[in-house]
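Let me begin by presenting the structure, written as C-alpha cells, before commenting on it.
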Amino acid sequence: MKPDKSENSHINNNELSNELKNHMFWIFGYGSLIWKTNFPFIKKYPGYIKGYTRRFYQFSPDHRGTNDLPGRVVTLLPSTNESRVWGIAYAIENRDIDNVCAGLDLRERAGYTKKVVQFHTKTNENQIPSEVTVYIADENNEWFAGEASIQQIASRIAICSGTSGSNPEYVHKLAAEMRRIAPEEDDKHLFELEIALKSIENSKEKQIL
C-alpha cells in the first residue's frame, strides 16, 4: 500500500528527511538486483538484513536457465538472528511504485514472493529505511531446487544459460559485487561456489587447448 501524502509543511531538516523517507518504497536486492535494476530509483544504500542466509537453492527456468535445464540462483533461507545477508536497498518514488512492483513481480515470477524485513546499514543518513521489501523463494515454491553440494551446484551452473545471460556470469558478478559493497564479509557459500565454478571453467579451457 502506498504511503499517504502529508498536507503539513516541514521546516526542520530532520522532519523533512523523515517525510521523504516515508514517501518512498524500498526494495532490497541480494542477487542480480544488485547490478541489474532496470527500474527507476532515486537513492540506494548498501546494507544487510538479519536472520537469513543466501543460498543457490532456487532453480531459474528463465533468466539463467530454461524449463528443460533450469539454472541455479540465490534465495534466502531463515537462519539465526545473527546471520546477515548484504545487498542494496533502493528507494522508489511514490509515482513509480505500481510500475516498479509490477515489473519486479514479473521478473521474480518463478517462485519468489514479497516480504517486509528490517534493514541495517553502516551509512549514517537521515533517509535510511528501517524496513525494506525483499523477494524470497521459499522451499514450498515449485522451482525450489533445495540443498546440494557445492560441486553439484557448480556443475549445474556451468552448463546453464537463460534470457538474462549465462548462469556462471551470475555467480561471478554476485561474488564481485559482494567484495565491493561488503569487503569484510565472508560469504562462504558464494565464494566456495565461485572457486568450484572457476575450477570447472579452467578445466574446460585446458581441454580446448
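By order of appearance in the C-alpha cells: chains A, B, ..., then residues from 1 within every chain, and ligands from 1 in the order shown.
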
Could you give me the residues within region 5-202 of chain A that DSSP places in strand (DSSP E), as a PDB file with N, CA and C atoms, in the first residue's frame?
```pdb
ATOM      1  N   MET A  24       8.669   6.929   0.284  1.00  0.00           N
ATOM      2  CA  MET A  24       9.427   6.079  -0.622  1.00  0.00           C
ATOM      3  C   MET A  24       9.110   4.628  -0.322  1.00  0.00           C
ATOM      4  N   PHE A  25       9.231   3.822  -1.361  1.00  0.00           N
ATOM      5  CA  PHE A  25       9.085   2.384  -1.224  1.00  0.00           C
ATOM      6  C   PHE A  25      10.470   1.796  -1.423  1.00  0.00           C
ATOM      7  N   TRP A  26      10.899   0.953  -0.503  1.00  0.00           N
ATOM      8  CA  TRP A  26      12.269   0.457  -0.536  1.00  0.00           C
ATOM      9  C   TRP A  26      12.322  -1.022  -0.915  1.00  0.00           C
ATOM     10  N   ILE A  27      13.121  -1.312  -1.936  1.00  0.00           N
ATOM     11  CA  ILE A  27      13.340  -2.692  -2.397  1.00  0.00           C
ATOM     12  C   ILE A  27      14.757  -3.109  -2.029  1.00  0.00           C
ATOM     13  N   PHE A  28      14.916  -4.315  -1.486  1.00  0.00           N
ATOM     14  CA  PHE A  28      16.242  -4.827  -1.142  1.00  0.00           C
ATOM     15  C   PHE A  28      16.638  -5.915  -2.135  1.00  0.00           C
ATOM     16  N   GLY A  29      17.777  -5.708  -2.778  1.00  0.00           N
ATOM     17  CA  GLY A  29      18.295  -6.686  -3.727  1.00  0.00           C
ATOM     18  C   GLY A  29      19.498  -7.411  -3.158  1.00  0.00           C
ATOM     19  N   LYS A  43      17.432   6.720  -4.776  1.00  0.00           N
ATOM     20  CA  LYS A  43      18.534   6.550  -3.832  1.00  0.00           C
ATOM     21  C   LYS A  43      18.843   5.070  -3.703  1.00  0.00           C
ATOM     22  N   LYS A  44      20.082   4.778  -3.303  1.00  0.00           N
ATOM     23  CA  LYS A  44      20.418   3.395  -2.980  1.00  0.00           C
ATOM     24  C   LYS A  44      21.480   3.380  -1.892  1.00  0.00           C
ATOM     25  N   TYR A  45      21.366   2.389  -1.002  1.00  0.00           N
ATOM     26  CA  TYR A  45      22.302   2.255   0.098  1.00  0.00           C
ATOM     27  C   TYR A  45      22.716   0.795   0.245  1.00  0.00           C
ATOM     28  N   PRO A  46      24.010   0.532   0.419  1.00  0.00           N
ATOM     29  CA  PRO A  46      24.420  -0.833   0.766  1.00  0.00           C
ATOM     30  C   PRO A  46      24.046  -1.124   2.212  1.00  0.00           C
ATOM     31  N   GLY A  47      23.715  -2.344   2.495  1.00  0.00           N
ATOM     32  CA  GLY A  47      23.349  -2.717   3.860  1.00  0.00           C
ATOM     33  C   GLY A  47      23.017  -4.189   3.940  1.00  0.00           C
ATOM     34  N   TYR A  48      22.405  -4.592   5.030  1.00  0.00           N
ATOM     35  CA  TYR A  48      22.134  -6.017   5.212  1.00  0.00           C
ATOM     36  C   TYR A  48      20.833  -6.233   5.973  1.00  0.00           C
ATOM     37  N   ILE A  49      20.322  -7.455   5.846  1.00  0.00           N
ATOM     38  CA  ILE A  49      19.184  -7.897   6.642  1.00  0.00           C
ATOM     39  C   ILE A  49      19.659  -9.050   7.513  1.00  0.00           C
ATOM     40  N   LYS A  50      19.008  -9.229   8.645  1.00  0.00           N
ATOM     41  CA  LYS A  50      19.408 -10.261   9.594  1.00  0.00           C
ATOM     42  C   LYS A  50      18.427 -11.440   9.587  1.00  0.00           C
ATOM     43  N   TYR A  52      18.769 -14.360   7.975  1.00  0.00           N
ATOM     44  CA  TYR A  52      18.710 -15.150   6.739  1.00  0.00           C
ATOM     45  C   TYR A  52      20.120 -15.509   6.268  1.00  0.00           C
ATOM     46  N   THR A  53      20.183 -16.544   5.431  1.00  0.00           N
ATOM     47  CA  THR A  53      21.411 -16.867   4.719  1.00  0.00           C
ATOM     48  C   THR A  53      21.093 -16.943   3.234  1.00  0.00           C
ATOM     49  N   ARG A  54      22.055 -16.562   2.404  1.00  0.00           N
ATOM     50  CA  ARG A  54      21.889 -16.587   0.948  1.00  0.00           C
ATOM     51  C   ARG A  54      22.398 -17.931   0.412  1.00  0.00           C
ATOM     52  N   ARG A  55      21.562 -18.611  -0.364  1.00  0.00           N
ATOM     53  CA  ARG A  55      21.934 -19.916  -0.907  1.00  0.00           C
ATOM     54  C   ARG A  55      21.474 -20.050  -2.365  1.00  0.00           C
ATOM     55  N   PHE A  56      22.247 -20.797  -3.140  1.00  0.00           N
ATOM     56  CA  PHE A  56      21.884 -21.087  -4.525  1.00  0.00           C
ATOM     57  C   PHE A  56      20.960 -22.299  -4.565  1.00  0.00           C
ATOM     58  N   TYR A  57      19.810 -22.148  -3.945  1.00  0.00           N
ATOM     59  CA  TYR A  57      18.869 -23.258  -3.801  1.00  0.00           C
ATOM     60  C   TYR A  57      17.594 -23.055  -4.612  1.00  0.00           C
ATOM     61  N   GLN A  58      17.606 -22.098  -5.537  1.00  0.00           N
ATOM     62  CA  GLN A  58      16.421 -21.844  -6.350  1.00  0.00           C
ATOM     63  C   GLN A  58      16.730 -22.070  -7.829  1.00  0.00           C
ATOM     64  N   PHE A  59      15.869 -22.851  -8.488  1.00  0.00           N
ATOM     65  CA  PHE A  59      16.013 -23.045  -9.928  1.00  0.00           C
ATOM     66  C   PHE A  59      15.569 -21.793 -10.677  1.00  0.00           C
ATOM     67  N   SER A  60      16.228 -21.523 -11.804  1.00  0.00           N
ATOM     68  CA  SER A  60      15.847 -20.420 -12.683  1.00  0.00           C
ATOM     69  C   SER A  60      15.501 -20.985 -14.055  1.00  0.00           C
ATOM     70  N   GLY A  71      18.751 -23.162 -14.439  1.00  0.00           N
ATOM     71  CA  GLY A  71      19.970 -22.854 -13.705  1.00  0.00           C
ATOM     72  C   GLY A  71      19.680 -22.731 -12.221  1.00  0.00           C
ATOM     73  N   ARG A  72      20.690 -22.326 -11.481  1.00  0.00           N
ATOM     74  CA  ARG A  72      20.521 -22.109 -10.042  1.00  0.00           C
ATOM     75  C   ARG A  72      20.872 -20.668  -9.707  1.00  0.00           C
ATOM     76  N   VAL A  73      19.988 -20.040  -8.927  1.00  0.00           N
ATOM     77  CA  VAL A  73      20.199 -18.671  -8.477  1.00  0.00           C
ATOM     78  C   VAL A  73      19.942 -18.605  -6.977  1.00  0.00           C
ATOM     79  N   VAL A  74      20.121 -17.437  -6.402  1.00  0.00           N
ATOM     80  CA  VAL A  74      20.028 -17.343  -4.943  1.00  0.00           C
ATOM     81  C   VAL A  74      18.609 -17.086  -4.453  1.00  0.00           C
ATOM     82  N   THR A  75      18.352 -17.586  -3.273  1.00  0.00           N
ATOM     83  CA  THR A  75      17.196 -17.227  -2.479  1.00  0.00           C
ATOM     84  C   THR A  75      17.682 -17.087  -1.042  1.00  0.00           C
ATOM     85  N   LEU A  76      16.778 -16.793  -0.132  1.00  0.00           N
ATOM     86  CA  LEU A  76      17.130 -16.626   1.276  1.00  0.00           C
ATOM     87  C   LEU A  76      16.475 -17.715   2.114  1.00  0.00           C
ATOM     88  N   LEU A  77      17.244 -18.261   3.039  1.00  0.00           N
ATOM     89  CA  LEU A  77      16.738 -19.253   3.974  1.00  0.00           C
ATOM     90  C   LEU A  77      16.759 -18.677   5.382  1.00  0.00           C
ATOM     91  N   PRO A  78      15.726 -18.950   6.165  1.00  0.00           N
ATOM     92  CA  PRO A  78      15.747 -18.486   7.566  1.00  0.00           C
ATOM     93  C   PRO A  78      16.947 -19.056   8.302  1.00  0.00           C
ATOM     94  N   ARG A  84      23.778 -12.532   8.571  1.00  0.00           N
ATOM     95  CA  ARG A  84      23.486 -11.332   7.799  1.00  0.00           C
ATOM     96  C   ARG A  84      23.629 -11.604   6.306  1.00  0.00           C
ATOM     97  N   VAL A  85      22.779 -10.985   5.532  1.00  0.00           N
ATOM     98  CA  VAL A  85      22.867 -11.032   4.076  1.00  0.00           C
ATOM     99  C   VAL A  85      22.999  -9.605   3.570  1.00  0.00           C
ATOM    100  N   TRP A  86      24.103  -9.324   2.895  1.00  0.00           N
ATOM    101  CA  TRP A  86      24.349  -7.990   2.370  1.00  0.00           C
ATOM    102  C   TRP A  86      23.735  -7.825   0.989  1.00  0.00           C
ATOM    103  N   GLY A  87      23.357  -6.586   0.700  1.00  0.00           N
ATOM    104  CA  GLY A  87      22.803  -6.261  -0.600  1.00  0.00           C
ATOM    105  C   GLY A  87      22.648  -4.761  -0.735  1.00  0.00           C
ATOM    106  N   ILE A  88      21.714  -4.339  -1.586  1.00  0.00           N
ATOM    107  CA  ILE A  88      21.469  -2.927  -1.846  1.00  0.00           C
ATOM    108  C   ILE A  88      19.987  -2.620  -1.642  1.00  0.00           C
ATOM    109  N   ALA A  89      19.693  -1.532  -0.910  1.00  0.00           N
ATOM    110  CA  ALA A  89      18.322  -1.055  -0.754  1.00  0.00           C
ATOM    111  C   ALA A  89      18.101   0.103  -1.719  1.00  0.00           C
ATOM    112  N   TYR A  90      17.030   0.027  -2.498  1.00  0.00           N
ATOM    113  CA  TYR A  90      16.699   1.056  -3.488  1.00  0.00           C
ATOM    114  C   TYR A  90      15.424   1.789  -3.082  1.00  0.00           C
ATOM    115  N   ALA A  91      15.458   3.112  -3.179  1.00  0.00           N
ATOM    116  CA  ALA A  91      14.283   3.928  -2.877  1.00  0.00           C
ATOM    117  C   ALA A  91      13.514   4.209  -4.158  1.00  0.00           C
ATOM    118  N   ILE A  92      12.222   3.858  -4.146  1.00  0.00           N
ATOM    119  CA  ILE A  92      11.357   4.069  -5.294  1.00  0.00           C
ATOM    120  C   ILE A  92      10.376   5.188  -4.974  1.00  0.00           C
ATOM    121  N   GLU A  93      10.248   6.136  -5.872  1.00  0.00           N
ATOM    122  CA  GLU A  93       9.307   7.230  -5.657  1.00  0.00           C
ATOM    123  C   GLU A  93       7.875   6.730  -5.706  1.00  0.00           C
ATOM    124  N   THR A 113       8.171 -14.432  -3.722  1.00  0.00           N
ATOM    125  CA  THR A 113       7.105 -13.590  -3.181  1.00  0.00           C
ATOM    126  C   THR A 113       7.725 -12.515  -2.302  1.00  0.00           C
ATOM    127  N   LYS A 114       6.969 -11.437  -2.073  1.00  0.00           N
ATOM    128  CA  LYS A 114       7.491 -10.292  -1.323  1.00  0.00           C
ATOM    129  C   LYS A 114       7.316 -10.472   0.182  1.00  0.00           C
ATOM    130  N   LYS A 115       8.318  -9.958   0.907  1.00  0.00           N
ATOM    131  CA  LYS A 115       8.256  -9.951   2.365  1.00  0.00           C
ATOM    132  C   LYS A 115       8.929  -8.674   2.876  1.00  0.00           C
ATOM    133  N   VAL A 116       8.413  -8.115   3.947  1.00  0.00           N
ATOM    134  CA  VAL A 116       8.989  -6.912   4.548  1.00  0.00           C
ATOM    135  C   VAL A 116       9.885  -7.309   5.715  1.00  0.00           C
ATOM    136  N   VAL A 117      11.118  -6.805   5.700  1.00  0.00           N
ATOM    137  CA  VAL A 117      12.093  -7.160   6.737  1.00  0.00           C
ATOM    138  C   VAL A 117      12.814  -5.899   7.217  1.00  0.00           C
ATOM    139  N   GLN A 118      13.475  -6.011   8.347  1.00  0.00           N
ATOM    140  CA  GLN A 118      14.261  -4.910   8.890  1.00  0.00           C
ATOM    141  C   GLN A 118      15.557  -4.733   8.094  1.00  0.00           C
ATOM    142  N   GLU A 131      12.737  -0.410   7.184  1.00  0.00           N
ATOM    143  CA  GLU A 131      12.212  -1.649   6.611  1.00  0.00           C
ATOM    144  C   GLU A 131      12.343  -1.617   5.099  1.00  0.00           C
ATOM    145  N   VAL A 132      12.512  -2.792   4.518  1.00  0.00           N
ATOM    146  CA  VAL A 132      12.609  -2.932   3.065  1.00  0.00           C
ATOM    147  C   VAL A 132      11.760  -4.124   2.630  1.00  0.00           C
ATOM    148  N   THR A 133      11.377  -4.121   1.374  1.00  0.00           N
ATOM    149  CA  THR A 133      10.667  -5.256   0.783  1.00  0.00           C
ATOM    150  C   THR A 133      11.663  -6.105   0.019  1.00  0.00           C
ATOM    151  N   VAL A 134      11.616  -7.404   0.227  1.00  0.00           N
ATOM    152  CA  VAL A 134      12.559  -8.315  -0.403  1.00  0.00           C
ATOM    153  C   VAL A 134      11.798  -9.488  -1.024  1.00  0.00           C
ATOM    154  N   TYR A 135      12.294  -9.963  -2.149  1.00  0.00           N
ATOM    155  CA  TYR A 135      11.697 -11.125  -2.812  1.00  0.00           C
ATOM    156  C   TYR A 135      12.423 -12.387  -2.343  1.00  0.00           C
ATOM    157  N   ILE A 136      11.651 -13.337  -1.818  1.00  0.00           N
ATOM    158  CA  ILE A 136      12.206 -14.586  -1.297  1.00  0.00           C
ATOM    159  C   ILE A 136      11.454 -15.766  -1.906  1.00  0.00           C
ATOM    160  N   SER A 161      22.212 -21.488 -19.118  1.00  0.00           N
ATOM    161  CA  SER A 161      22.119 -20.118 -19.617  1.00  0.00           C
ATOM    162  C   SER A 161      20.651 -19.806 -19.887  1.00  0.00           C
ATOM    163  N   GLY A 162      20.293 -18.514 -19.774  1.00  0.00           N
ATOM    164  CA  GLY A 162      18.905 -18.128 -19.979  1.00  0.00           C
ATOM    165  C   GLY A 162      18.787 -16.778 -20.646  1.00  0.00           C
ATOM    166  N   GLY A 165      21.318 -14.138 -19.557  1.00  0.00           N
ATOM    167  CA  GLY A 165      22.732 -14.436 -19.685  1.00  0.00           C
ATOM    168  C   GLY A 165      23.086 -15.788 -19.113  1.00  0.00           C
ATOM    169  N   SER A 166      24.377 -16.066 -19.062  1.00  0.00           N
ATOM    170  CA  SER A 166      24.832 -17.363 -18.580  1.00  0.00           C
ATOM    171  C   SER A 166      24.742 -17.444 -17.062  1.00  0.00           C
TER     172      SER A 166
END
```

Residue neighbourhood Ile153 (chain A), 12 Å, only C-alpha atoms, exclusion window fewer than 3 positions, as a short mmCIF file (atom, residue, chain, number, x, y, z; two decimals) with all heavy atoms, in the first residue's frame:
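That gives us part-v3.cif:
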```
data_model
loop_
_atom_site.label_atom_id
_atom_site.label_comp_id
_atom_site.auth_asym_id
_atom_site.auth_seq_id
_atom_site.Cartn_x
_atom_site.Cartn_y
_atom_site.Cartn_z
N ARG A 55 21.56 -18.61 -0.36
CA ARG A 55 21.93 -19.92 -0.91
C ARG A 55 21.47 -20.05 -2.36
O ARG A 55 20.44 -19.52 -2.74
CB ARG A 55 21.30 -21.05 -0.08
CG ARG A 55 21.86 -21.18 1.33
CD ARG A 55 23.28 -21.70 1.32
NE ARG A 55 23.81 -21.91 2.65
CZ ARG A 55 24.51 -21.02 3.34
NH1 ARG A 55 24.73 -19.82 2.80
NH2 ARG A 55 24.99 -21.30 4.53
N PHE A 56 22.25 -20.80 -3.14
CA PHE A 56 21.88 -21.09 -4.52
C PHE A 56 20.96 -22.30 -4.56
O PHE A 56 21.26 -23.32 -5.18
CB PHE A 56 23.15 -21.34 -5.35
CG PHE A 56 23.84 -20.09 -5.80
CD1 PHE A 56 24.66 -19.39 -4.92
CD2 PHE A 56 23.68 -19.59 -7.09
CE1 PHE A 56 25.32 -18.23 -5.32
CE2 PHE A 56 24.31 -18.43 -7.49
CZ PHE A 56 25.13 -17.76 -6.61
N TYR A 57 19.81 -22.15 -3.94
CA TYR A 57 18.87 -23.26 -3.80
C TYR A 57 17.59 -23.06 -4.61
O TYR A 57 16.61 -23.76 -4.40
CB TYR A 57 18.49 -23.44 -2.33
CG TYR A 57 19.58 -24.03 -1.46
CD1 TYR A 57 20.84 -24.38 -1.98
CD2 TYR A 57 19.39 -24.24 -0.10
CE1 TYR A 57 21.83 -24.90 -1.18
CE2 TYR A 57 20.38 -24.78 0.71
CZ TYR A 57 21.59 -25.11 0.16
OH TYR A 57 22.58 -25.63 0.97
N GLN A 58 17.61 -22.10 -5.54
CA GLN A 58 16.42 -21.84 -6.35
C GLN A 58 16.73 -22.07 -7.83
O GLN A 58 17.73 -21.59 -8.35
CB GLN A 58 15.93 -20.41 -6.15
CG GLN A 58 14.71 -20.02 -6.96
CD GLN A 58 13.44 -20.69 -6.49
OE1 GLN A 58 13.43 -21.39 -5.47
NE2 GLN A 58 12.35 -20.49 -7.21
N PHE A 59 15.87 -22.85 -8.49
CA PHE A 59 16.01 -23.04 -9.93
C PHE A 59 15.57 -21.79 -10.68
O PHE A 59 14.64 -21.09 -10.25
CB PHE A 59 15.17 -24.23 -10.42
CG PHE A 59 15.81 -25.57 -10.21
CD1 PHE A 59 15.05 -26.63 -9.74
CD2 PHE A 59 17.15 -25.78 -10.51
CE1 PHE A 59 15.63 -27.89 -9.55
CE2 PHE A 59 17.73 -27.02 -10.32
CZ PHE A 59 16.97 -28.08 -9.85
N PRO A 70 16.94 -25.81 -16.01
CA PRO A 70 16.98 -24.60 -15.19
C PRO A 70 18.31 -24.41 -14.49
O PRO A 70 18.92 -25.37 -14.02
CB PRO A 70 15.84 -24.83 -14.19
CG PRO A 70 15.69 -26.31 -14.10
CD PRO A 70 16.03 -26.83 -15.45
N GLY A 71 18.75 -23.16 -14.44
CA GLY A 71 19.97 -22.85 -13.70
C GLY A 71 19.68 -22.73 -12.22
O GLY A 71 18.58 -23.01 -11.76
N ARG A 72 20.69 -22.33 -11.48
CA ARG A 72 20.52 -22.11 -10.04
C ARG A 72 20.87 -20.67 -9.71
O ARG A 72 21.91 -20.15 -10.13
CB ARG A 72 21.41 -23.05 -9.23
CG ARG A 72 20.78 -24.42 -8.95
CD ARG A 72 21.67 -25.23 -8.03
NE ARG A 72 21.12 -26.54 -7.70
CZ ARG A 72 20.63 -26.86 -6.50
NH1 ARG A 72 20.63 -25.97 -5.53
NH2 ARG A 72 20.17 -28.07 -6.26
N VAL A 73 19.99 -20.04 -8.93
CA VAL A 73 20.20 -18.67 -8.48
C VAL A 73 19.94 -18.61 -6.98
O VAL A 73 19.57 -19.60 -6.36
CB VAL A 73 19.28 -17.68 -9.24
CG1 VAL A 73 19.69 -17.58 -10.69
CG2 VAL A 73 17.81 -18.12 -9.13
N VAL A 74 20.12 -17.44 -6.40
CA VAL A 74 20.03 -17.34 -4.94
C VAL A 74 18.61 -17.09 -4.45
O VAL A 74 17.79 -16.45 -5.12
CB VAL A 74 20.97 -16.24 -4.39
CG1 VAL A 74 22.41 -16.66 -4.53
CG2 VAL A 74 20.70 -14.90 -5.03
N ALA A 145 15.03 -25.65 -5.66
CA ALA A 145 15.98 -26.72 -6.02
C ALA A 145 16.45 -27.49 -4.81
O ALA A 145 16.74 -28.69 -4.89
CB ALA A 145 17.19 -26.11 -6.74
N GLY A 146 16.56 -26.81 -3.69
CA GLY A 146 16.97 -27.48 -2.47
C GLY A 146 18.48 -27.58 -2.31
O GLY A 146 19.26 -27.11 -3.14
N GLU A 147 18.86 -28.19 -1.23
CA GLU A 147 20.28 -28.31 -0.88
C GLU A 147 21.01 -29.27 -1.79
O GLU A 147 20.46 -30.26 -2.25
CB GLU A 147 20.40 -28.77 0.58
CG GLU A 147 21.82 -28.78 1.10
CD GLU A 147 21.88 -29.13 2.58
OE1 GLU A 147 20.79 -29.33 3.18
OE2 GLU A 147 23.00 -29.21 3.12
N ALA A 148 22.27 -28.95 -2.05
CA ALA A 148 23.16 -29.81 -2.82
C ALA A 148 24.58 -29.42 -2.45
O ALA A 148 24.82 -28.37 -1.87
CB ALA A 148 22.92 -29.67 -4.31
N SER A 149 25.52 -30.27 -2.81
CA SER A 149 26.93 -29.94 -2.52
C SER A 149 27.38 -28.79 -3.41
O SER A 149 26.79 -28.52 -4.47
CB SER A 149 27.81 -31.16 -2.77
OG SER A 149 27.90 -31.44 -4.16
N ILE A 150 28.42 -28.11 -2.99
CA ILE A 150 28.98 -27.01 -3.78
C ILE A 150 29.36 -27.50 -5.18
O ILE A 150 29.10 -26.84 -6.19
CB ILE A 150 30.19 -26.39 -3.08
CG1 ILE A 150 29.76 -25.61 -1.83
CG2 ILE A 150 30.97 -25.47 -4.03
CD1 ILE A 150 28.92 -24.39 -2.12
N ARG A 156 26.07 -27.85 -12.25
CA ARG A 156 24.81 -27.46 -12.90
C ARG A 156 24.91 -26.06 -13.49
O ARG A 156 24.54 -25.82 -14.64
CB ARG A 156 23.67 -27.54 -11.88
CG ARG A 156 22.29 -27.19 -12.42
CD ARG A 156 21.94 -28.05 -13.64
NE ARG A 156 20.56 -27.89 -14.02
CZ ARG A 156 19.59 -28.73 -13.66
NH1 ARG A 156 19.85 -29.78 -12.91
NH2 ARG A 156 18.36 -28.53 -14.09
N ILE A 157 25.42 -25.14 -12.70
CA ILE A 157 25.53 -23.76 -13.15
C ILE A 157 26.41 -23.63 -14.38
O ILE A 157 26.13 -22.83 -15.29
CB ILE A 157 26.07 -22.88 -12.00
CG1 ILE A 157 24.98 -22.70 -10.93
CG2 ILE A 157 26.56 -21.52 -12.50
CD1 ILE A 157 25.45 -21.98 -9.68
N ALA A 158 27.45 -24.43 -14.45
CA ALA A 158 28.43 -24.35 -15.54
C ALA A 158 27.81 -24.59 -16.92
O ALA A 158 28.34 -24.13 -17.93
CB ALA A 158 29.56 -25.34 -15.30
N ILE A 159 26.69 -25.30 -16.97
CA ILE A 159 26.11 -25.67 -18.26
C ILE A 159 24.80 -24.94 -18.57
O ILE A 159 24.14 -25.24 -19.57
CB ILE A 159 25.87 -27.20 -18.34
CG1 ILE A 159 24.91 -27.65 -17.24
CG2 ILE A 159 27.19 -27.96 -18.24
CD1 ILE A 159 24.49 -29.12 -17.33
N CYS A 160 24.44 -23.98 -17.73
CA CYS A 160 23.13 -23.33 -17.88
C CYS A 160 23.25 -21.89 -18.39
O CYS A 160 24.21 -21.18 -18.09
CB CYS A 160 22.38 -23.34 -16.56
SG CYS A 160 21.82 -24.98 -16.06
N ASN A 167 24.54 -18.64 -16.58
CA ASN A 167 24.48 -18.87 -15.14
C ASN A 167 25.83 -18.59 -14.46
O ASN A 167 25.87 -18.00 -13.37
CB ASN A 167 24.01 -20.29 -14.87
CG ASN A 167 23.25 -20.44 -13.57
OD1 ASN A 167 22.74 -21.50 -13.24
ND2 ASN A 167 23.17 -19.40 -12.79
N PRO A 168 26.96 -19.00 -15.07
CA PRO A 168 28.25 -18.65 -14.46
C PRO A 168 28.46 -17.15 -14.31
O PRO A 168 29.02 -16.70 -13.30
CB PRO A 168 29.27 -19.26 -15.43
CG PRO A 168 28.55 -20.41 -16.05
CD PRO A 168 27.14 -19.93 -16.21
N VAL A 171 27.00 -15.89 -11.07
CA VAL A 171 27.82 -16.20 -9.89
C VAL A 171 28.99 -15.23 -9.78
O VAL A 171 29.25 -14.65 -8.71
CB VAL A 171 28.34 -17.64 -9.94
CG1 VAL A 171 29.26 -17.92 -8.76
CG2 VAL A 171 27.17 -18.63 -9.95
N HIS A 189 29.41 -19.68 1.33
CA HIS A 189 28.70 -20.45 0.29
C HIS A 189 28.96 -19.86 -1.09
O HIS A 189 29.29 -20.60 -2.04
CB HIS A 189 27.20 -20.43 0.60
CG HIS A 189 26.35 -21.13 -0.41
ND1 HIS A 189 26.19 -22.50 -0.43
CD2 HIS A 189 25.59 -20.66 -1.43
CE1 HIS A 189 25.38 -22.85 -1.41
NE2 HIS A 189 25.01 -21.74 -2.04
N LEU A 190 28.85 -18.56 -1.22
CA LEU A 190 29.06 -17.89 -2.51
C LEU A 190 30.50 -18.03 -2.99
O LEU A 190 30.75 -18.38 -4.15
CB LEU A 190 28.68 -16.41 -2.39
CG LEU A 190 29.03 -15.51 -3.57
CD1 LEU A 190 28.33 -15.97 -4.84
CD2 LEU A 190 28.66 -14.06 -3.24
N GLU A 192 32.89 -20.15 -2.06
CA GLU A 192 33.27 -21.53 -2.35
C GLU A 192 32.70 -21.97 -3.69
O GLU A 192 33.36 -22.70 -4.45
CB GLU A 192 32.79 -22.47 -1.23
CG GLU A 192 33.61 -22.36 0.05
CD GLU A 192 33.19 -23.38 1.09
OE1 GLU A 192 32.19 -24.10 0.85
OE2 GLU A 192 33.86 -23.47 2.14
N LEU A 193 31.50 -21.54 -3.98
CA LEU A 193 30.88 -21.86 -5.28
C LEU A 193 31.65 -21.19 -6.41
O LEU A 193 31.88 -21.80 -7.46
CB LEU A 193 29.42 -21.41 -5.28
CG LEU A 193 28.65 -21.63 -6.57
CD1 LEU A 193 28.63 -23.11 -6.95
CD2 LEU A 193 27.22 -21.11 -6.43
N GLU A 194 32.06 -19.96 -6.20
CA GLU A 194 32.84 -19.26 -7.21
C GLU A 194 34.13 -20.00 -7.52
O GLU A 194 34.51 -20.17 -8.69
CB GLU A 194 33.16 -17.84 -6.72
CG GLU A 194 34.00 -17.03 -7.69
CD GLU A 194 34.53 -15.75 -7.08
OE1 GLU A 194 34.80 -15.74 -5.85
OE2 GLU A 194 34.69 -14.77 -7.81
N ILE A 195 34.81 -20.49 -6.49
CA ILE A 195 36.06 -21.24 -6.67
C ILE A 195 35.82 -22.54 -7.44
O ILE A 195 36.55 -22.89 -8.37
CB ILE A 195 36.71 -21.54 -5.31
CG1 ILE A 195 37.21 -20.24 -4.67
CG2 ILE A 195 37.86 -22.53 -5.46
CD1 ILE A 195 37.68 -20.41 -3.23
N ALA A 196 34.76 -23.26 -7.06
CA ALA A 196 34.43 -24.53 -7.72
C ALA A 196 34.08 -24.29 -9.19
O ALA A 196 34.47 -25.07 -10.08
CB ALA A 196 33.28 -25.21 -7.00
N LEU A 197 33.37 -23.22 -9.45
CA LEU A 197 32.97 -22.90 -10.82
C LEU A 197 34.19 -22.51 -11.67
O LEU A 197 34.31 -22.94 -12.83
CB LEU A 197 31.95 -21.76 -10.81
CG LEU A 197 31.28 -21.40 -12.13
CD1 LEU A 197 30.58 -22.60 -12.74
CD2 LEU A 197 30.30 -20.24 -11.91
N ILE A 200 36.00 -25.62 -12.76
CA ILE A 200 35.34 -26.28 -13.90
C ILE A 200 35.65 -25.53 -15.19
O ILE A 200 35.96 -26.15 -16.22
CB ILE A 200 33.82 -26.35 -13.67
CG1 ILE A 200 33.51 -27.29 -12.50
CG2 ILE A 200 33.10 -26.81 -14.94
CD1 ILE A 200 32.04 -27.29 -12.10
#
```

Between CA of Asn99 (chain A) and CA of Pro40 (chain A), distance in Å (one decimal): 9.6 Å

Interatomic distance (Å, one decimal) between CA of Ala110 (chain A) and CA of Ser164 (chain A): 13.9 Å

Alpha helix (DSSP H) positions in chain A, given as a PyMOL selection string: chain A and resi 13-22+97-107+150-157+167-181+188-208
